Structure formats: structure tokens, C-alpha cells
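**Student:** Dropping the structure in here first, questions after.
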Amino acid sequence: MHRMSWILPRSALATALLVGACGGGDPPDRPTPMVPRPAAPETRSVALPPTPYVDGPLELSVVYPPEGARVAVRDSTFIFGSTGTGAASLTINGAVVPVARNGAFLAFLPVPADGVYRLDASTVAARDTLTVNVTLPPAPSFETPLLDAGSAYPRGSRVALEGERVEAGFTGRRGGSARLILPDGRSIPLSAAPGSGPLTTYRGFFDAQRLMSGDTSVAWPALTGEARPLVPRAPAVAPAIERAAVFELIVDGDTVREPLPFNLLLLEDGRPRVGVVSDPRPIEERGDRQVIARPGPGFGPYDYFWPDGTELTLTGEQNGQYRVRLTDELSVWSPADEIRLLTDDSPLPESRVESVNIRPAPGWIDVRFPISRRLPFRVDEGQDRIEIQIYGALSRTNRIDYGALDPFVRRAEWQQPNDALYRFTLHLNGWAWGHDVFHDPRGWLVLRVRRPPPIDPERPLQGRVIAVDAGHGGAAAGAQGPTGLREADAVLAVARALARRLEAAGARAVLTRNEDVDLSLEDRVARATAAGAELMLSIHMDAFPDGVNPYVNAGTHMFYFHPRAADLARHLQRALLDELALPDRGINRADLALARPTWMPSVLTETMFMMIPQWEAALRDPDVIDRIAEAHAEGIAAFLRARARD
């Protein structure tokens with residue numbers, strides 16, 4: 001950053017007074033550009049207090065973007081910081097920017113083409129300037145490339161079954177003839193996507209065959225156990241030894257070729273490998289004893305959670321993820337570094353399911369499945385039911401033993417939709433409060449279903465154990481406001497105030513952190529679980545990525561993952577909207593670690609956005625902190641009252 005500041009000469013005072021009276025403007029030697037001011041975020045009523053007036057020394061500071069930052073967009077994004085005084089007027093690259101009463105400012109402006117923000121602030125007596133240099137994304141090229149080498153796909157490493165169809169393609173100039181030349185001499189024609197622009201995507205499919213790139217920076221797969229061969233670098237022999245596929249595009253007589261940056265191996269004889277869930281990290285680092293799985297390699301929600309020891313049928317690999325076959329029609333993907341490969345001759349994980357027994361206990365119900373292998377599974381919750389699907393299991397369930405009569409259990413049933421899928425459904429009188437799945441000492445699979453706690457609708461918080469997680473902390477400060485307020489500090493103040501209210505209402509509040517320390521996401525959940533928490537709230541304030549207009553998108557919203565927590569998110573959203581009257585950005589089902597705990601309803605709350613000057617100022621007000629905490633407490637109580645009446 002570079003700055004200059006000085007006292008205005010008397011000849012400039014009259015002009016500065018006029019500029020200051022208008023709330024912002026250019027210095028007297030620069031014309032005011034015709035830039036419309038952004039409107040303040042909509043509010044349904046004036047529920048936040050007025051921003052307090054600050055008349056400190058004129059001193060420009062920018063919180064975002066910081067000096068040297070790499071911004072992600074080239075068109076428009078936000079910039080915010082402080083002038084140090086509410087008496088200042090401010091321009092940024094000639095645009096008039098409103099200054100809040102406490103000196104804070106927020107603007108959504110075009111990104112300067114030269115990457116330099118030039119700030120100019122003045123009061124009746126002083127002037128300060130500041131420059132902030134940022135790095136912009138590469139400028140778009142107006143020259144249409146014949147073939148964009150960076151667009152070629154697939155990239156990296158993969159293991160496939162013989163005959164498996166593989167998609168390949170690239171972006172190139174429209175109107176050409178494209179093909180993929182395979183090492184065995186076959187030529188795969190590529191078709192162009194419809195459209196009218198100068199560029200198009202050419203794509204096609206080929207049956208998986210061995211491909212090897214001579215580029216050692218391209219990842220090498222691990223599933224086959226084959227070591228990467230040494231490839232001679234002499235140009236005359238490298239292509240033949242590399243066995244690389246090559247894209248070719250011909251447009252108007254011009255030809256370009258590009259090797260496919262891809263290593264592809266095949267499973268020998270098409271036989272799957274067997275792996276065992278085994279995260280090598282110590283428990284204090286990983287925070288759990290399970291691996292997750294997703295619908296695709298590196299994308300999609302975490303719908304599967306498997307404990308250590310689960311045996312998996314592996315049929316492929318892609319860029320550090322193993323493909324896990326659950327049934328002939330369903331495969332998912334898990335991190336390769338959390339799965340230990342067994343020997344090639346290991347039998348595939350399959351088991352029969354003998355008679356099932358249900359064992360009620362004071363806090364939960366255990367459903368025990370006698371199986372001989374530790375098979376993968378999926379649990380789905382719904383109102384009045386919980387279901388587990390066990391993959392690779394074949395039923396020999398002649399009896400379901402309910403144990404002692406239990407009013408929470410209505411009935412149980414099993415199905416065998418196909419040879420590799422066993423489905424068990426427990427029908428309940430109300431929502432399950434949570435669940436856990438583990439293997440007992442015999443290796444049997446146990447589905448533990450958590451009972452709802454006893455709730456007094458007149459005093460719903462009485463006796464409840466509630467985990468309150470203040471997001472971020474320590475070096476992980478989270479978002480930051482224009483005057484430097486850290487999200488970690490604001491949410492800790494809310495968490496402490498909420499804990500006091502919960503305790504006053506008869507609950508036991510468990511703060512995952514009560515000081516400015518950084519905790520892993522897994523550690524936060526582990527602390528809540530170890531304390532016997534019946535609900536978990538992770539309290540946050542929000543921020544936007546580059547390019548999002550905060551004046552249009554800021555507001556209050558909630559995040560949940562499991563269906564049992566949707567109503568908790570809804571009650572919290574309503575309570576905060578009623579209290580603060582900020583824009584309603586709704587509730588969201590999102591795959592967030594602090595919304596995913598399976599043992600209790602859990603919600604991540606985002607009350608407001610730190611970058612809005614009035615909202616950041618409100619978060620410095622102890623009365624507003626108390627009101628946010630009170631709204632959280634009321635949302636929790638409303639959820640518990642509703643559950644008590646279900």
C-alpha cells in the first residue's frame with residue numbers, strides 16, 4: 001500500500017465542507033464521475049441501532065482486498081475498509097463511495113484494469129490518499145485458439161475396467177475436424193457441441209486401454225500396484241514408449257496436435273481389488289474413525305460414512321479417489337489415502353445377514369445385524385423411520401427379535417431389492433434424534449438409533465444439553481469487517497451470551513471453545529458428542545467471494561444437512577428475522593462438516609455479513625450481541641416445543 005495525507009489549505013475548506021455535507025465526493029481538483037450509489041441492503045424495519053458516530057483522525061485503511069491480493073474476477077467486486085472518521089468523504093478510482101457514521105465504507109465497483117485501487121478521502125481539515133495493488137486474473141484472449149491445450153480432458157490418473165467407456169475432449173475453434181488418436185492406431189472421431197460462438201467443445205468416447213504420458217508431472221495411479229515406468233525422453237522414441245493418446249484438430253487446412261495428459265491403467269482380468277477403510281492419521285489429527293464416500297470422484301455430497309475396518313470392493317481409481325462398487329448399478333468414490341489395499345487374492349466382501357435383534361436401552365435403540373464381513377452401508381432418516389442399506393449382503397433373516405416392548409418402536413421390516421443389497425427399515429413413533437453405526441466386538445454391524453430427549457413443552461430448555469460452537473478462532477479468524485472486527489471474536493461473544501441464556505433457562509450449555517483458539521472441525525464435533533449434546537449450533541457471520549454484490553445478496557440464512565435438523569434451521573431463521581429484520585436468504589441444505597454430525601440435530605447459523613458497515617457496527621454493540629443470542633435461544637426453544645408435541 002502507498003499513502004499520502006496532509007492538512008487542506010484554507011482555500012479548499014469551502015469546497016470540502018460542501019463535499020462533506022453530501023456524504024462523499026471527489027477532491028476539488030477532480031470532477032465527480034456519474035456513478036450511481038449502491039442502495040443499502042434492504043431491511044423490513046429499522047431493527048438494528050444507528051451506527052455510532054466516530055470522529056477520529058482521518059486515516060484510510062482497506063480490509064479487502066489487501067495489498068497484493070489476487071482477485072478472482074475482472075469485472076466488478078467489493079472493496080471495504082475505513083476512513084477513521086464519519087466526517088470523511090471518499091472516492092475510489094473516481095467513484096463516490098458513501099462513508100458510514102463510524103468511518104466504515106463498502107463499495108461494489110469495477111475492478112481497475114491496471115490492478116490499482118486509488119482511494120482519496122478528505123474532511124474539512126485533512127486529506128488522505130491510499131493505493132492498493134491487486135493481481136487480476138489473466139485477460140481473456142480475443143484471438144480464438146485453434147486448440148486450447150489447458151481444456152483437454154480427462155487429466156491425471158485413472159484405473160478402469162477393460163471395455164469401460166471413457167469420455168475425452170477439448171475446447172477448440174469451431175468448424176474443424178477433430179479426432180483422438182490412440183496408441184493402438186485407432187482413430188476416435190470427436191463431435192462438436194452445437195452453438196454459434198467461435199469456440200466449441202469437441203468430445204467423443206473410447207473403450208479403456210492402457211495410456212501412459214511421458215510427462216512425469218501427470219499423476220500415476222496406485223490401485224493396480226504397478227510402479228511408474230522410466231520413460232526415455234528422446235523425442236524419437238518417447239511417443240511410442242509413452243503410449244500417449246493425442247488430440248488432432250484440423251481447421252481450414254491448419255492442423256494442431258496435443259498429447260492427452262493422462263495415465264490410464266486397467267485392472268488385470270477385470271478383477272476388482274479389496275480395500276479396508278483405514279485412515280493412517282492418528283485420531284487426534286483426523287477427529288473421527290470413518291471415511292466418506294461421494295457419488296462422483298471429488299464432487300457431490302457426503303452420503304456415506306464408513307467406520308474403520310469396513311471392507312470395500314474397488315473397481316477403479318481417478319485422481320486420488322477409489323471407485324467403490326456397492327451394487328452392479330451403483331458405485332461411489334472415496335479418498336484413496338484412507339483405504340488400505342489387501343492382497344490381490346483377497347475374497348470380495350460379501351455376507352449373509354442372519355436373524356436381526358433389536359435391543360432397547362434408556363438413551364437409544366440398538367439394531368444388531370449378524371454378518372461375517374464388515375460391509376459398506378448407507379443410513380437414511382425420515383419422519384417416523386430410519387433405514388439402513390447394507391451392500392454385498394444377502395438375507396437369511398428368518399426372525400426379527402424386538403426385545404422388550406418399546407413405545408418408540410412401531411415395527412421393523414427387511415427387503416432384498418437385489419442380490420447385493422439388504423435393506424432394513426425401523427418404523428418409529430416420531431423422529432429419530434440421531435444415529436451411529438459401528439461394529440461390535442464380534443464384527444456384527446450395529447445401528448444405534450438415538451431416542452428423542454424428554455422435553456417439557458412449557459419449559460423446553462429444561463435439562464437439555466446443547467453444544468454451542470463459536471466458529472473459527474485463533475489464526476483462523478474467519479471474515480473481517482471494514483473496521484477490522486474479526487468474525488471469530490464476534491461469534492465468540494454471541495456464543496457466550498447464548499450459553500448464559502440457555503443455562504438460565506435450565507439447559508446445560510457446552511462451549512466447544514471459550515477462548516480465541518483454533519479447533520479442527522472434527523474436534524468441535526467430538527467435543528459436542530463427548531459432552532452428550534442433544535443439539536449443536538455452530539455460530540458464524542458470513543462473507544462473500546469476489547464478484548458477488550453484497551447490496552443484493554446479504555442477509556440471514558441457515559445451513560443443515562440431515563432431515564431431522566431442517567425444522568431447527570427453520571425455527572432459528574424465523575427467530576433471527578423477527579429480531580433483526582434483515583433480508584431473508586432462507587435455509588439451505590448443505591454438505592458442511594458442522595451440519596453433518598449424525599448423533600444430534602446440528603445447524604450452522606449465518607446471522608449477518610461482516611462487510612456491511614452498519615452490520616459490523618451492530619456486532620460491536622453488546623445489546624445487539626444479546627439480541628442475537630436471545631434469538632438463537634428462542635429458535636432452539638421453538639424447535640424443542642414443536643418436537644415435544646410431535
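How things are named: the first chain in the C-alpha cells is A, the next is B, and so on; residues count from 1 in each chain; ligands count from 1 in the order shown.
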I'd like the contact shell of range 472-478 of chain A - 8 Å cut-off, only C-alpha atoms, skipping same-chain residues fewer than 4 positions apart - returned as a list in words.
**Tutor:**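 Residues near the query, excluding close chain neighbours: Arg486, Glu487, Ala488, Asp489, Glu515, Asp516, Val517, Asp518 and Leu519 of chain A.
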**Student:** Using only C-alpha atoms, which protein or nucleic acid residues come within 8 Å of range 523-532 of chain A? Drop anything in the same chain fewer than 5 positions from it, and give the result as an NGL selection string.
**Tutor:** :A and (287-288 or 465 or 467 or 469 or 510 or 512 or 594 or 597 or 599)
**Student:** Might you pull out every residue within 12 Å of Gly586 in chain A, with only C-alpha atoms counted and same-chain residues fewer than 5 positions away left off, and present them as a VMD selection string?
**Tutor:** chain A and resid 553 to 560 566 569 to 574 576 to 577 605 to 607
**Student:** List the spatial neighbours of Val166 in chain A as a list in words - criterion: any atom at most 12 Å away, only C-alpha atoms, same-chain residues fewer than 4 positions off excluded.
**Tutor:** Tyr153, Pro154, Arg155, Arg158, Val159, Ala160, Leu161, Glu162, Leu180, Ile188, Arg203, Gly204, Phe205, Phe206, Asp207, Ala208, Gln209, Arg210, Leu211, Phe262, Leu264 and Gln318 of chain A
**Student:** Which one of A:Arg513, A:His632, A:Arg118, A:Arg596 sits closest to Ser61 in chain A if you count only C-alpha atoms?
**Tutor:**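 Checking each candidate against Ser61 in chain A, we get A:Arg118 as the closest.
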**Student:** Quick one: DSSP alpha helix (DSSP H) residues in range 130-325 of chain A, as an MDAnalysis selection string?
**Tutor:** chainID A and resid 238:242 283:286
**Student:** Grab the CA of Glu248 in chain A to CA of Arg165 in chain A distance for me, in Å with one decimal place.
**Tutor:**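 It comes out at 20.1 Å.
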**Student:** Please run DSSP on the backbone and report, as a ChimeraX atom specification, all residues within range 354-502 of chain A that come out as strand (DSSP E).
**Tutor:** /A:356-360,364-369,377-382,385-391,393-395,400-401,409-418,421-428,434-439,445-450,465-470
**Student:** Could you list, as JSON, numbers by chain, every residue within 10 Å of range 265-273 of chain A, counting only C-alpha atoms and ignoring same-chain residues fewer than 6 positions away?
**Tutor:** {"A": [157, 158, 159, 160, 161, 162, 163, 164, 208, 209, 210, 211, 212, 220, 221, 222, 223, 224, 226, 312, 313, 314, 315, 316, 317, 324, 325, 341, 342, 343, 344, 345, 346, 347, 348]}
**Student:** Extract, using only C-alpha atoms, all DNA, RNA and protein residues at most 12 Å from Pro57 in chain A, discarding same-chain residues fewer than 3 positions from it, and format them as a PyMOL selection string.
**Tutor:** chain A and resi 5-7+54+60-61+82-88+102-103+121-128
